[in-house]
Structure formats: structure tokens, C-alpha cells
file coords_8.txt (compact mmCIF, C-alpha atoms)
# COMPACT_ATOMS: atom_id res chain seq x y z
CA MET A 175 17.43 -3.83 9.89
CA PHE A 176 13.81 -4.79 9.25
CA LYS A 177 11.01 -4.00 11.70
CA HIS A 178 8.17 -5.83 9.92
CA VAL A 179 7.57 -8.92 7.78
CA PHE A 180 5.00 -9.13 4.97
CA LEU A 181 3.99 -11.92 2.61
CA THR A 182 2.77 -11.30 -0.91
CA GLY A 183 1.54 -13.59 -3.64
CA PRO A 184 -1.46 -14.37 -5.81
CA PRO A 185 -4.88 -15.05 -4.21
CA GLY A 186 -5.22 -18.59 -2.89
CA VAL A 187 -1.48 -19.31 -2.82
CA GLY A 188 -1.50 -19.86 0.96
CA LYS A 189 -0.46 -16.54 2.54
CA THR A 190 -3.02 -16.72 5.35
CA THR A 191 -2.16 -20.36 6.08
CA LEU A 192 1.52 -19.41 6.35
CA VAL A 193 0.68 -16.51 8.67
CA GLN A 194 -1.39 -18.84 10.88
CA LYS A 195 1.40 -21.44 11.02
CA ALA A 196 3.97 -18.74 11.80
CA CYS A 197 1.74 -17.46 14.63
CA GLU A 198 1.48 -20.97 16.09
CA ALA A 199 5.27 -21.29 16.01
CA LEU A 200 5.74 -17.84 17.58
CA LEU A 201 3.14 -18.47 20.29
CA SER A 202 4.75 -21.78 21.19
CA SER A 203 8.08 -19.99 21.58
CA GLY A 204 6.49 -17.54 24.01
CA VAL A 205 5.95 -14.56 21.71
CA GLY A 206 2.73 -12.58 22.19
CA VAL A 207 0.62 -12.41 19.04
CA GLU A 208 -2.33 -10.08 18.43
CA GLY A 209 -4.22 -8.91 15.37
CA PHE A 210 -6.44 -10.55 12.78
CA TYR A 211 -6.57 -12.66 9.66
CA THR A 212 -9.10 -13.00 6.87
CA GLU A 213 -10.93 -16.24 6.21
CA GLU A 214 -13.08 -17.42 3.30
CA VAL A 215 -16.71 -18.10 4.10
CA ARG A 216 -18.17 -21.02 2.16
CA GLU A 217 -21.71 -22.28 1.84
CA ARG A 218 -22.31 -25.58 0.11
CA GLY A 219 -18.81 -25.50 -1.34
CA ARG A 220 -19.17 -22.03 -2.83
CA ARG A 221 -17.28 -18.97 -1.55
CA THR A 222 -19.84 -16.45 -0.34
CA GLY A 223 -17.59 -13.94 1.33
CA PHE A 224 -14.84 -13.23 3.82
CA ASP A 225 -14.75 -12.91 7.60
CA VAL A 226 -12.22 -11.19 9.78
CA VAL A 227 -11.04 -13.41 12.66
CA THR A 228 -9.05 -12.02 15.60
CA MET A 229 -6.27 -13.95 17.29
CA THR A 230 -8.63 -14.44 20.23
CA GLY A 231 -11.21 -16.07 17.95
CA GLU A 232 -13.74 -13.26 17.56
CA ARG A 233 -15.33 -13.17 14.09
CA GLY A 234 -16.90 -10.42 12.06
CA HIS A 235 -18.05 -9.92 8.48
CA LEU A 236 -15.65 -8.37 6.01
CA SER A 237 -17.69 -8.98 2.87
CA ARG A 238 -20.43 -11.04 1.30
CA ILE A 239 -21.61 -11.68 -2.24
CA ARG A 240 -24.08 -8.96 -3.20
CA ASP A 241 -27.60 -9.92 -2.21
CA VAL A 242 -29.90 -7.87 -4.40
CA THR A 243 -32.83 -8.40 -2.04
CA SER A 244 -31.13 -6.92 1.03
CA ALA A 245 -29.44 -3.92 -0.58
CA SER A 246 -30.68 -0.80 1.15
CA PRO A 247 -31.20 2.11 -1.23
CA GLY A 248 -29.29 5.30 -0.54
CA ARG A 249 -26.61 3.61 1.53
CA ARG A 250 -23.06 3.93 0.20
CA GLU A 251 -21.85 0.51 -0.88
CA TYR A 252 -18.22 -0.49 -1.06
CA THR A 253 -17.74 -3.31 -3.53
CA VAL A 254 -14.84 -5.38 -4.80
CA GLY A 255 -15.94 -7.57 -7.68
CA GLN A 256 -19.08 -9.39 -6.60
CA TYR A 257 -18.45 -8.72 -2.90
CA VAL A 258 -20.02 -5.98 -0.81
CA VAL A 259 -17.70 -4.86 1.99
CA ASP A 260 -19.28 -4.53 5.44
CA LEU A 261 -17.19 -1.57 6.55
CA PRO A 262 -18.95 -0.92 9.90
CA ALA A 263 -18.53 -4.57 10.98
CA PHE A 264 -14.89 -4.65 9.84
CA GLU A 265 -14.01 -1.40 11.66
CA ALA A 266 -15.89 -2.38 14.83
CA LEU A 267 -13.86 -5.57 15.14
CA VAL A 268 -10.45 -4.52 13.83
CA LEU A 269 -9.87 -0.91 14.91
CA PRO A 270 -9.92 -1.64 18.68
CA LEU A 271 -7.14 -4.20 18.10
CA PHE A 272 -4.86 -1.41 16.88
CA ARG A 273 -5.73 0.83 19.82
CA ASN A 274 -4.90 -1.86 22.36
CA VAL A 275 -1.85 -3.40 20.75
CA GLY A 276 1.06 -4.03 23.06
CA LEU A 277 -0.71 -2.63 26.13
CA ALA A 278 0.22 -4.02 29.52
CA ASP A 279 2.85 -6.46 28.44
CA GLY A 280 5.80 -5.43 30.54
CA GLY A 281 7.76 -4.10 27.61
CA ASN A 282 7.93 -7.32 25.59
CA LYS A 283 7.51 -6.62 21.92
CA LYS A 284 4.54 -8.34 20.36
CA VAL A 285 3.72 -9.49 16.90
CA PHE A 286 0.70 -7.80 15.35
CA VAL A 287 -0.92 -9.70 12.49
CA ILE A 288 -2.57 -7.78 9.64
CA ASP A 289 -3.97 -10.23 7.08
CA GLU A 290 -4.52 -8.47 4.84
CA ILE A 291 -3.94 -4.95 3.61
CA GLY A 292 -6.06 -5.30 0.49
CA LYS A 293 -8.71 -3.58 -1.58
CA MET A 294 -11.58 -4.40 0.79
CA GLU A 295 -9.78 -3.21 3.92
CA LEU A 296 -8.53 -0.04 2.22
CA PHE A 297 -12.06 1.38 1.97
CA SER A 298 -11.56 2.26 5.65
CA GLN A 299 -9.65 5.51 6.13
CA SER A 300 -9.40 4.71 9.86
CA PHE A 301 -7.78 1.37 9.02
CA ILE A 302 -5.25 3.09 6.73
CA ARG A 303 -4.34 5.57 9.50
CA ALA A 304 -4.06 2.77 12.08
CA VAL A 305 -1.78 0.69 9.82
CA ARG A 306 0.50 3.66 9.15
CA GLN A 307 0.72 4.41 12.88
CA ILE A 308 1.55 0.84 13.82
CA LEU A 309 4.20 0.56 11.09
CA ASP A 310 5.84 3.73 12.43
CA SER A 311 5.63 2.74 16.08
CA SER A 312 8.23 0.60 17.76
CA SER A 313 5.76 -1.15 20.06
CA CYS A 314 5.38 -4.20 17.87
CA THR A 315 6.49 -6.09 14.80
CA VAL A 316 3.86 -6.49 12.10
CA LEU A 317 3.43 -9.82 10.32
CA GLY A 318 1.11 -9.07 7.44
CA THR A 319 0.04 -9.88 3.92
CA ILE A 320 -0.36 -7.67 0.86
CA PRO A 321 -1.68 -8.54 -2.59
CA ILE A 322 0.58 -8.76 -5.62
CA PRO A 323 0.52 -5.63 -7.78
CA LYS A 324 -2.37 -5.91 -10.21
CA GLY A 325 -4.15 -3.10 -12.01
CA LYS A 326 -4.10 0.28 -10.32
CA PRO A 327 -1.53 0.43 -7.50
CA LEU A 328 -2.99 0.62 -3.98
CA GLY A 329 -1.27 3.48 -2.14
CA LEU A 330 -0.75 1.88 1.26
CA VAL A 331 0.18 -1.50 -0.25
CA GLU A 332 2.94 0.12 -2.31
CA GLU A 333 4.13 2.11 0.74
CA VAL A 334 4.51 -1.18 2.63
CA ARG A 335 6.13 -2.96 -0.32
CA SER A 336 8.76 -0.25 -0.80
CA SER A 337 9.44 0.51 2.89
CA ARG A 338 13.01 0.00 4.07
CA ASP A 339 11.60 -1.30 7.39
CA VAL A 340 9.72 -4.15 5.72
CA ARG A 341 10.99 -7.52 4.56
CA VAL A 342 8.67 -8.96 1.89
CA PHE A 343 8.47 -12.67 1.12
CA ALA A 344 6.93 -13.63 -2.23
CA VAL A 345 4.85 -16.78 -1.71
CA THR A 346 4.43 -19.22 -4.59
CA LYS A 347 2.93 -22.71 -4.77
CA GLU A 348 6.50 -23.99 -5.22
CA ASN A 349 8.08 -22.28 -2.20
CA ARG A 350 5.22 -21.96 0.30
CA ASN A 351 6.07 -25.11 2.26
CA ALA A 352 9.74 -24.17 2.56
CA LEU A 353 9.13 -20.55 3.65
CA LEU A 354 7.70 -21.09 7.14
CA GLN A 355 11.06 -21.29 8.98
CA ASP A 356 12.39 -18.25 7.08
CA ILE A 357 9.30 -16.22 7.98
CA VAL A 358 9.39 -17.21 11.67
CA GLY A 359 13.14 -16.49 11.75
CA ALA A 360 12.66 -13.09 10.14
CA VAL A 361 9.94 -12.15 12.65
CA GLN A 362 12.09 -13.30 15.58
CA GLU A 363 14.96 -11.21 14.19
CA CYS A 364 12.65 -8.16 14.13
CA LEU A 365 11.69 -8.77 17.76
CA LYS A 366 15.26 -8.67 19.04
CA PRO A 367 15.93 -5.54 21.07
CA THR A 368 17.91 -3.04 19.03
CA SER A 369 20.87 -1.72 20.93
call {"tool": "encode", "arguments": {"input": "coords_8.txt", "output": "C-alpha cells"}}
result
Amino acid sequence: MFKHVFLTGPPGVGKTTLVQKACEALLSSGVGVEGFYTEEVRERGRRTGFDVVTMTGERGHLSRIRDVTSASPGRREYTVGQYVVDLPAFEALVLPLFRNVGLADGGNKKVFVIDEIGKMELFSQSFIRAVRQILDSSSCTVLGTIPIPKGKPLGLVEEVRSSRDVRVFAVTKENRNALLQDIVGAVQECLKPTS
């Protein structure tokens, strides 16, 4: 019996879009949805970074392309490729979501969205601890995304991928339009009270 549902696939295949569509379907069926997703930030058609967006619409920086002029010397920088991760902004927006998940909801299980557990997010030790706690807790079902294995394995990503509690859907350009119902069905299955 699965407790959580994760999507994996190459960058740009449509994982976040599927998560957003699944959330719309779940919300319209009366399921509470909390958490966050990651969105590209574009300026004049060029990707300049990523924002974290909560289900209530709050936004915060996750990363931006390195700006040599604004780099402050002596400050530890977390980088992935050309992007500098804004760890304080990410943690300030995302960590409170974990602390408050499922509070005051009369016992109805909620869906908690984590899009994504990736290299940028994993610079945060607090985020890693929060994800592990929420995956172990029974207060909610996680709908999340993880990257496909590439290069050095990411500890938490591989834990999620190999967990017996997690059902992983591999998203491809060919199957992404057909997967939505399966994903929503799998999440609804996870939400059913276990007797």
C-alpha cells in the first residue's frame, strides 16, 4: 500500500504541469492541498532562474543566474550550473509549510506537494529533515517530483525512489498527457483511510 506519489522524468518534460493539473483535480474533488511547486522565471524569453510558489500563491526566489556584480565576497554560495541558490529565501518560504501541514483540518488527510526534491533544494539540511519527517508521518500524502538519476546519486532522492511507501510515475513526452488520471487516482488511493 503506497502512502505517497512521486513523478520523475527529464527536465522540461512536464512534471510540474502534471502536478498542478493533479492539484486542480484534487481540489475540485474536495481534497485539501498544501505545499509548493517550482516555476521557471523568464526575462525576455530567457530563463533567468526559478521561483518557489506556494499553493496559496506566495512566491520566493529559489535561484537566479549568477550576477557577478552582486556577488558578495565571503558569503557561502550554493550553485547548480549557472544558478546561484537563494537558500535563505527558499527556507523562509518553504519550511513553515512543513511545520503547519495538516493542522486544524478535522482529521482529513491532506495532500502535500513537494515540487521538487532536487539539487537546489537539497542544499538545505532543514529541508531534508522536513521531507524525511513528512514522508514518515501519516498526517498527509505527498505528491512530489524527483529528478531522473544523473551523475552522482542524490541521497534523499534515492531514498524516495526506493521507498516501499512511494509510487513513482516516470513521465515522458509520450505518456504525460495520459498520466493525469492515473496520478490523481493513485493519490486518492493513498488518501483512503487504512483500516
call {"tool": "closest_residue", "arguments": {"input": "coords_8.txt", "among": "A:Lys283, A:His178, A:Arg250, A:Arg303", "to": "Arg335 (chain A)", "atoms": "all atoms listed in the file"}}
result
A:His178
call {"tool": "closest_residue", "arguments": {"input": "coords_8.txt", "among": "A:Gly206, A:Arg238, A:Val340, A:Glu363", "to": "Arg220 (chain A)", "atoms": "all atoms listed in the file"}}
result
A:Arg238
call {"tool": "residues_near_point", "arguments": {"input": "coords_8.txt", "point": "(-8.8, -4.1, 13.3)", "cutoff": "9 Å", "atoms": "all atoms listed in the file", "output": "count of residues only"}}
result
17
call {"tool": "residues_around", "arguments": {"input": "coords_8.txt", "residues": "region 346-350 of chain A", "least_positions_apart": "5", "cutoff": "8 Å", "atoms": "only C-alpha atoms", "output": "PDB file with C-alpha atoms, keeping the file's coordinate frame"}}
result
ATOM      1  CA  GLY A 183       1.540 -13.590  -3.640  1.00  0.00           C
ATOM      2  CA  PRO A 184      -1.460 -14.370  -5.810  1.00  0.00           C
ATOM      3  CA  VAL A 187      -1.480 -19.310  -2.820  1.00  0.00           C
ATOM      4  CA  GLY A 188      -1.500 -19.860   0.960  1.00  0.00           C
ATOM      5  CA  LEU A 192       1.520 -19.410   6.350  1.00  0.00           C
TER       6      LEU A 192
END
call {"tool": "closest_residue", "arguments": {"input": "coords_8.txt", "among": "A:Val285, A:Ile322, A:Leu353, A:Val334", "to": "Val305 (chain A)", "atoms": "only C-alpha atoms"}}
result
A:Val334
call {"tool": "atom_distance", "arguments": {"input": "coords_8.txt", "atom1": "CA of Cys197 (chain A)", "atom2": "CA of Leu354 (chain A)"}}
result
10.2 Å
call {"tool": "closest_residue", "arguments": {"input": "coords_8.txt", "among": "A:Ile357, A:Leu181, A:Gly329, A:Phe224", "to": "Leu296 (chain A)", "atoms": "all atoms listed in the file"}}
result
A:Gly329
call {"tool": "atom_distance", "arguments": {"input": "coords_8.txt", "atom1": "CA of Cys364 (chain A)", "atom2": "CA of Lys177 (chain A)"}}
result
5.1 Å
call {"tool": "closest_residue", "arguments": {"input": "coords_8.txt", "among": "A:Val361, A:Ile308, A:Val342, A:Ile291", "to": "Ile320 (chain A)", "atoms": "only C-alpha atoms"}}
result
A:Ile291
call {"tool": "residues_near_point", "arguments": {"input": "coords_8.txt", "point": "(-14.3, -6.2, -4.2)", "cutoff": "12 Å", "atoms": "only C-alpha atoms", "output": "VMD selection string"}}
result
chain A and resid 223 to 224 236 to 240 251 to 260 292 to 297
call {"tool": "axis_aligned_box", "arguments": {"input": "coords_8.txt", "around": "region 283-289 of chain A", "padding_each_side": "4 Å", "output": "JSON"}}
result
{"center_x": 1.8, "center_y": -8.4, "center_z": 14.5, "size_x": 19.5, "size_y": 11.6, "size_z": 22.8}
call {"tool": "decode", "arguments": {"input": "coords_8.txt", "residues": "region 282-295 of chain A", "atoms": "all heavy atoms", "output": "mmCIF file, in the first residue's frame"}}
result
data_model
loop_
_atom_site.group_PDB
_atom_site.id
_atom_site.type_symbol
_atom_site.label_atom_id
_atom_site.label_comp_id
_atom_site.auth_asym_id
_atom_site.auth_seq_id
_atom_site.Cartn_x
_atom_site.Cartn_y
_atom_site.Cartn_z
ATOM 1 N N ASN A 282 -9.033 15.215 8.343
ATOM 2 C CA ASN A 282 -8.981 14.831 6.931
ATOM 3 C C ASN A 282 -7.544 14.852 6.460
ATOM 4 O O ASN A 282 -6.824 15.813 6.702
ATOM 5 C CB ASN A 282 -9.790 15.808 6.068
ATOM 6 C CG ASN A 282 -11.272 15.620 6.259
ATOM 7 O OD1 ASN A 282 -11.716 14.608 6.779
ATOM 8 N ND2 ASN A 282 -12.031 16.607 5.848
ATOM 9 N N LYS A 283 -7.142 13.783 5.781
ATOM 10 C CA LYS A 283 -5.776 13.767 5.270
ATOM 11 C C LYS A 283 -5.654 14.749 4.115
ATOM 12 O O LYS A 283 -6.564 14.884 3.307
ATOM 13 C CB LYS A 283 -5.402 12.364 4.798
ATOM 14 C CG LYS A 283 -4.720 11.552 5.889
ATOM 15 C CD LYS A 283 -4.442 10.144 5.466
ATOM 16 C CE LYS A 283 -3.145 10.064 4.692
ATOM 17 N NZ LYS A 283 -2.790 8.659 4.384
ATOM 18 N N LYS A 284 -4.531 15.422 4.076
ATOM 19 C CA LYS A 284 -4.282 16.387 3.015
ATOM 20 C C LYS A 284 -3.223 15.863 2.072
ATOM 21 O O LYS A 284 -2.506 14.930 2.384
ATOM 22 C CB LYS A 284 -3.751 17.684 3.623
ATOM 23 C CG LYS A 284 -4.822 18.516 4.279
ATOM 24 C CD LYS A 284 -4.396 19.956 4.363
ATOM 25 C CE LYS A 284 -5.614 20.798 4.615
ATOM 26 N NZ LYS A 284 -5.376 21.905 5.459
ATOM 27 N N VAL A 285 -3.134 16.543 0.943
ATOM 28 C CA VAL A 285 -2.053 16.272 0.008
ATOM 29 C C VAL A 285 -1.036 17.390 0.192
ATOM 30 O O VAL A 285 -1.395 18.569 0.228
ATOM 31 C CB VAL A 285 -2.574 16.250 -1.445
ATOM 32 C CG1 VAL A 285 -1.421 16.145 -2.428
ATOM 33 C CG2 VAL A 285 -3.545 15.083 -1.628
ATOM 34 N N PHE A 286 0.228 17.006 0.326
ATOM 35 C CA PHE A 286 1.301 17.990 0.467
ATOM 36 C C PHE A 286 2.192 17.883 -0.756
ATOM 37 O O PHE A 286 2.719 16.814 -1.049
ATOM 38 C CB PHE A 286 2.103 17.737 1.749
ATOM 39 C CG PHE A 286 3.043 18.867 2.081
ATOM 40 C CD1 PHE A 286 2.561 20.060 2.593
ATOM 41 C CD2 PHE A 286 4.410 18.737 1.874
ATOM 42 C CE1 PHE A 286 3.432 21.113 2.902
ATOM 43 C CE2 PHE A 286 5.281 19.778 2.176
ATOM 44 C CZ PHE A 286 4.785 20.966 2.695
ATOM 45 N N VAL A 287 2.301 18.994 -1.484
ATOM 46 C CA VAL A 287 3.043 18.999 -2.738
ATOM 47 C C VAL A 287 4.486 19.434 -2.488
ATOM 48 O O VAL A 287 4.724 20.470 -1.862
ATOM 49 C CB VAL A 287 2.374 19.955 -3.755
ATOM 50 C CG1 VAL A 287 3.213 20.080 -5.018
ATOM 51 C CG2 VAL A 287 0.983 19.460 -4.093
ATOM 52 N N ILE A 288 5.431 18.623 -2.978
ATOM 53 C CA ILE A 288 6.855 18.976 -2.914
ATOM 54 C C ILE A 288 7.400 18.871 -4.336
ATOM 55 O O ILE A 288 7.678 17.789 -4.829
ATOM 56 C CB ILE A 288 7.653 18.025 -1.992
ATOM 57 C CG1 ILE A 288 7.047 17.964 -0.590
ATOM 58 C CG2 ILE A 288 9.119 18.456 -1.933
ATOM 59 C CD1 ILE A 288 7.729 16.960 0.337
ATOM 60 N N ASP A 289 7.495 20.021 -5.011
ATOM 61 C CA ASP A 289 7.991 20.051 -6.389
ATOM 62 C C ASP A 289 9.142 21.061 -6.430
ATOM 63 O O ASP A 289 8.881 22.244 -6.538
ATOM 64 C CB ASP A 289 6.855 20.454 -7.339
ATOM 65 C CG ASP A 289 7.375 20.693 -8.759
ATOM 66 O OD1 ASP A 289 8.219 19.895 -9.208
ATOM 67 O OD2 ASP A 289 6.949 21.666 -9.391
ATOM 68 N N GLU A 290 10.370 20.678 -6.273
ATOM 69 C CA GLU A 290 10.789 19.291 -6.341
ATOM 70 C C GLU A 290 11.825 19.004 -5.275
ATOM 71 O O GLU A 290 12.305 19.913 -4.624
ATOM 72 C CB GLU A 290 11.318 18.992 -7.751
ATOM 73 C CG GLU A 290 12.765 19.351 -7.950
ATOM 74 C CD GLU A 290 13.317 18.907 -9.341
ATOM 75 O OE1 GLU A 290 12.729 18.071 -10.040
ATOM 76 O OE2 GLU A 290 14.369 19.404 -9.676
ATOM 77 N N ILE A 291 12.162 17.733 -5.132
ATOM 78 C CA ILE A 291 13.312 17.374 -4.304
ATOM 79 C C ILE A 291 14.468 17.232 -5.291
ATOM 80 O O ILE A 291 14.622 16.203 -5.929
ATOM 81 C CB ILE A 291 13.080 16.052 -3.548
ATOM 82 C CG1 ILE A 291 11.851 16.161 -2.654
ATOM 83 C CG2 ILE A 291 14.330 15.693 -2.738
ATOM 84 C CD1 ILE A 291 11.470 14.853 -1.979
ATOM 85 N N GLY A 292 15.224 18.313 -5.462
ATOM 86 C CA GLY A 292 16.300 18.315 -6.442
ATOM 87 C C GLY A 292 17.561 18.905 -5.859
ATOM 88 O O GLY A 292 17.636 19.230 -4.676
ATOM 89 N N LYS A 293 18.555 19.040 -6.722
ATOM 90 C CA LYS A 293 19.873 19.509 -6.277
ATOM 91 C C LYS A 293 19.804 20.831 -5.525
ATOM 92 O O LYS A 293 20.436 21.005 -4.495
ATOM 93 C CB LYS A 293 20.779 19.699 -7.499
ATOM 94 C CG LYS A 293 21.689 18.546 -7.758
ATOM 95 C CD LYS A 293 22.728 18.926 -8.808
ATOM 96 C CE LYS A 293 23.556 17.712 -9.161
ATOM 97 N NZ LYS A 293 23.777 17.576 -10.584
ATOM 98 N N MET A 294 19.040 21.787 -6.070
ATOM 99 C CA MET A 294 19.000 23.115 -5.435
ATOM 100 C C MET A 294 18.411 23.027 -4.040
ATOM 101 O O MET A 294 18.950 23.585 -3.082
ATOM 102 C CB MET A 294 18.180 24.082 -6.292
ATOM 103 C CG MET A 294 18.836 24.402 -7.612
ATOM 104 S SD MET A 294 17.867 25.629 -8.528
ATOM 105 C CE MET A 294 18.806 25.690 -10.061
ATOM 106 N N GLU A 295 17.285 22.315 -3.908
ATOM 107 C CA GLU A 295 16.599 22.227 -2.624
ATOM 108 C C GLU A 295 17.425 21.456 -1.599
ATOM 109 O O GLU A 295 17.345 21.725 -0.399
ATOM 110 C CB GLU A 295 15.234 21.532 -2.810
ATOM 111 C CG GLU A 295 14.259 22.300 -3.692
ATOM 112 C CD GLU A 295 14.444 22.116 -5.198
ATOM 113 O OE1 GLU A 295 15.390 21.404 -5.627
ATOM 114 O OE2 GLU A 295 13.660 22.678 -5.955
#
